[in-house]
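Below is one structure, written out as C-alpha cells; comments come after it.
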Amino acid sequence: MDASREIDLMGIVNLTDNSYFPASRCLGNDGNPDIEKALGVSSAHIAAGATIIDVGACSTRPGSDPVGEEEEWRRLKAFLPELRAAFPHARISIDTYFSSVVRNVYDLVGDFIVNDISAGEDDPQMLETVGKLGLTYIAMHKRGTPKTMQSLTEYGDVCHDIHEYFEEFAAKARKYGIRDWILDPGFGFAKTVGQNYELMRGLAGFTDFGRRILVGVSRKSMIYRKFDITPEEALPATQALHMAALCAGADILRVHDVAPARQTIEIYRELYA
C-alpha cells in the first residue's frame with residue numbers, strides 16, 4: 001500500500017441533538033441549528049487539517065429516530081449558506097439518504113459529496129439523482145433503517161458478504177452513471193463488536209474495487225462497548241483503529257477529532273512512506 005497516497009480527513013458537524021458523541025451536536029434548544037457553534041466546529045476542523053466537512057442534519061446512529069426529509073432540509077438550508085460563505089473553498093459532504101435533500105442542496109451550494117448510509121436502498125430515486133447531477137457518492141453498507149437496525153449474526157463471512165454487497169452496488173453505479181463513488185464498509189452498522197474487528201482485519205480486501213475507501217470508526221460502539229467506557233473516553237483507541245485502517249488502505253477517515261487523526265496520518269507516513 002502506497003503510504004504517500006492522498007488521504008482525506010472528513011470532519012463531522014452534526015446539526016442534531018441526539019448524535020452519540022455529544023460534543024458534535026450543533027442544534028440549539030429551540031430546535032434550530034446553532035450556526036455559531038457549527039461554524040466554530042467547522043473552523044476548528046479546517047484549521048486542524050480537515051479536507052472535507054461532513055454535515056448531518058439527522059442522526060444516523062443505530063436506534064435513532066429519523067427526523068424526516070423536510071426537517072433535515074430545514075436544518076441544512078439554514079446552515080449551508082453560512083458554511084459556504086465562511087469557507088468558500090471547503091469541500092462539503094452531506095450525510096443524507098433522501099434524494100430530495102440532494103437536489104435541494106445542489107441547487108443551494110452546487111457540487112458536493114453525497115454521504116448515503118443506505119447506498120441508495122432507502123430512496124429509490126437516490127442513485128438516479130446522483131448520476132444525473134454528476135456528484136461524488138459515498139455508498140455505505142448497512143442493514144435495516146437506523147431505527148430498526150440491530151447487530152446481526154447471520155453473516156457467513158462478514159468481509160465476504162460485504163464484498164458481494166459492493167459487487168452488486170458497483171453494477172448499480174454503472175447503471176445510473178455514477179462514475180465517482182467511494183466505498184464505506186459501514187463500521188458500527190448492523191454488526192456485532194466482533195464483526196467490526198473482523199471487518200477491520202479484512203479491510204484490505206476491498207481495495208480490489210479500485211475505489212477510495214472511507215472508514216468511520218471515530219468513538220464508535222466497537223470501542224466503547226468493548227471497553228465499557230463512554231464515547232468521550234474512546235479517543236486513544238480510535239487512533240489505534242485509524243492506524244490499522246490506514247495500513248489496510250483507507251483513503252478517507254471520518255472523524256470527530258481532526259488534529260489527533262492528522263497526527264496519526266503523519267506517523268503512518270513516517271513509518272511506511
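Identifiers for the C-alpha cells are assigned positionally: chains receive A, B, ... in sequence, residues are indexed from 1 per chain, and ligands are indexed from 1 in the order shown.
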Per residue of segment 190-234 of chain A within 6 Å of segment 253-260 of chain A, what are the shortest atom pair and its distance in Å to one decimal, counting only C-alpha atoms, with rows by chain and residue number, as a Markdown table?
| residue | atom | partner | partner_atom | distance |
| --- | --- | --- | --- | --- |
| A:Leu214 | CA | A:Leu253 | CA | 5.9 |
| A:Val215 | CA | A:Leu253 | CA | 5.2 |
| A:Gly216 | CA | A:Arg254 | CA | 4.8 |
| A:Ser218 | CA | A:Val255 | CA | 5.3 |
Per-residue DSSP, segment 192-230 of chain A, filtered to alpha helix (DSSP H), as a PyMOL selection string: chain A and resi 193-201+221-227
Residue contacts of segment 154-160 of chain A (8 Å, only C-alpha atoms) excluding same-chain residues fewer than 2 positions away, as a PyMOL selection string: chain A and resi 152+162-164+195+198-199+202-203+205
Pick from A:Val217, A:Ile53, A:Ala234, A:Val41, whichever lies nearest to His89 of chain A using only C-alpha atoms: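 Distance minimum relative to His89 of chain A lands on A:Ile53.
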Show me a table, sorted first by chain and then by increasing residue number, of the residues of segment 123-213 of chain A having an atom at most 8 Å from segment 96-111 of chain A, each with its shortest atom pair and the distance in Å to one decimal, counting only C-alpha atoms and written as a Markdown table.
| residue | atom | partner | partner_atom | distance |
| --- | --- | --- | --- | --- |
| A:Asp123 | CA | A:Phe98 | CA | 6.1 |
| A:Gln125 | CA | A:Ser99 | CA | 6.0 |
| A:Met126 | CA | A:Ser99 | CA | 4.6 |
| A:Thr129 | CA | A:Ser99 | CA | 6.4 |
| A:Val130 | CA | A:Val102 | CA | 7.7 |
| A:Leu135 | CA | A:Asp111 | CA | 6.7 |
Surrounding residues of segment 76-86 of chain A excluding itself and chain neighbours under 5 positions, 7 Å, only C-alpha atoms, as a list in words: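 Surrounding residues, per the criterion: Pro33, Ile35, Leu39 and Ala57 of chain A.
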Can you spit out the residues from that selection as a compact mmCIF listing (two decimals), in the first residue's frame, using C-alpha atoms?
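Listing of part_38.txt after writing:
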# COMPACT_ATOMS: atom_id res chain seq x y z
CA PRO A 33 -29.18 24.85 14.08
CA ILE A 35 -24.97 28.36 13.50
CA LEU A 39 -19.24 27.29 12.17
CA ALA A 57 -28.93 17.04 9.97
Nearby residues (only C-alpha atoms) at most 12 Å from Asp30 of chain A, same-chain spacing under 4 positions excluded, as a PyMOL selection string: chain A and resi 16-17+26+34+75
Find the spatial neighbours of Ala248 of chain A, counting only C-alpha atoms, within a cut-off of 9 Å - ignore same-chain residues fewer than 2 positions away - and output them as a PDB file with N, CA and C atoms, in the first residue's frame.
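Printed below is out-v4.pdb as written:
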ATOM      1  N   MET A   1       0.843  -1.196   0.000  1.00  0.00           N
ATOM      2  CA  MET A   1       0.000   0.000   0.000  1.00  0.00           C
ATOM      3  C   MET A   1       0.879   1.247   0.000  1.00  0.00           C
ATOM      4  N   MET A 200     -12.331  -4.981  10.121  1.00  0.00           N
ATOM      5  CA  MET A 200     -11.080  -4.226  10.081  1.00  0.00           C
ATOM      6  C   MET A 200      -9.919  -5.117   9.649  1.00  0.00           C
ATOM      7  N   ARG A 201      -9.895  -6.346  10.143  1.00  0.00           N
ATOM      8  CA  ARG A 201      -8.818  -7.258   9.754  1.00  0.00           C
ATOM      9  C   ARG A 201      -8.843  -7.554   8.253  1.00  0.00           C
ATOM     10  N   GLY A 202     -10.036  -7.553   7.666  1.00  0.00           N
ATOM     11  CA  GLY A 202     -10.151  -7.856   6.246  1.00  0.00           C
ATOM     12  C   GLY A 202     -10.306  -6.649   5.346  1.00  0.00           C
ATOM     13  N   LEU A 203     -10.089  -5.462   5.879  1.00  0.00           N
ATOM     14  CA  LEU A 203     -10.366  -4.239   5.122  1.00  0.00           C
ATOM     15  C   LEU A 203      -9.579  -4.170   3.813  1.00  0.00           C
ATOM     16  N   ALA A 204      -8.354  -4.647   3.816  1.00  0.00           N
ATOM     17  CA  ALA A 204      -7.524  -4.562   2.608  1.00  0.00           C
ATOM     18  C   ALA A 204      -8.143  -5.299   1.432  1.00  0.00           C
ATOM     19  N   GLY A 205      -9.026  -6.254   1.711  1.00  0.00           N
ATOM     20  CA  GLY A 205      -9.661  -6.991   0.634  1.00  0.00           C
ATOM     21  C   GLY A 205     -10.596  -6.160  -0.225  1.00  0.00           C
ATOM     22  N   THR A 207      -9.816  -3.194  -1.433  1.00  0.00           N
ATOM     23  CA  THR A 207      -9.057  -2.339  -2.349  1.00  0.00           C
ATOM     24  C   THR A 207      -9.165  -2.822  -3.787  1.00  0.00           C
ATOM     25  N   MET A 243      -4.927   3.924  12.630  1.00  0.00           N
ATOM     26  CA  MET A 243      -3.653   3.421  12.114  1.00  0.00           C
ATOM     27  C   MET A 243      -3.855   2.087  11.398  1.00  0.00           C
ATOM     28  N   ALA A 244      -4.657   1.201  11.990  1.00  0.00           N
ATOM     29  CA  ALA A 244      -4.936  -0.084  11.346  1.00  0.00           C
ATOM     30  C   ALA A 244      -5.621   0.126  10.001  1.00  0.00           C
ATOM     31  N   ALA A 245      -6.564   1.068   9.955  1.00  0.00           N
ATOM     32  CA  ALA A 245      -7.293   1.333   8.718  1.00  0.00           C
ATOM     33  C   ALA A 245      -6.358   1.879   7.639  1.00  0.00           C
ATOM     34  N   LEU A 246      -5.475   2.780   8.010  1.00  0.00           N
ATOM     35  CA  LEU A 246      -4.533   3.336   7.047  1.00  0.00           C
ATOM     36  C   LEU A 246      -3.617   2.252   6.493  1.00  0.00           C
ATOM     37  N   ALA A 250      -7.171   2.478   3.811  1.00  0.00           N
ATOM     38  CA  ALA A 250      -8.173   3.541   3.905  1.00  0.00           C
ATOM     39  C   ALA A 250      -7.649   4.837   3.296  1.00  0.00           C
TER      40      ALA A 250
END
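Proximity to Pro236 of chain A was assessed for A:Ile223, A:Ala119, A:Ile92, A:Ile213 counting only C-alpha atoms; the smallest distance is recorded for A:Ile223.
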For Glu232 of chain A, the nearest of the candidates A:Tyr165, A:Val114, A:Lys220, A:Gly186, counting only C-alpha atoms: A:Lys220
Residue nearest Lys142 of chain A - candidates A:Gly120, A:Ala261, A:Asp161, A:Ala190, atoms counted: only C-alpha atoms: A:Ala190
Every residue of segment 20-155 of chain A that DSSP places in strand (DSSP E or B), as a ChimeraX atom specification: /A:25,27,33,52-56,91-95,113-116,136-140,152
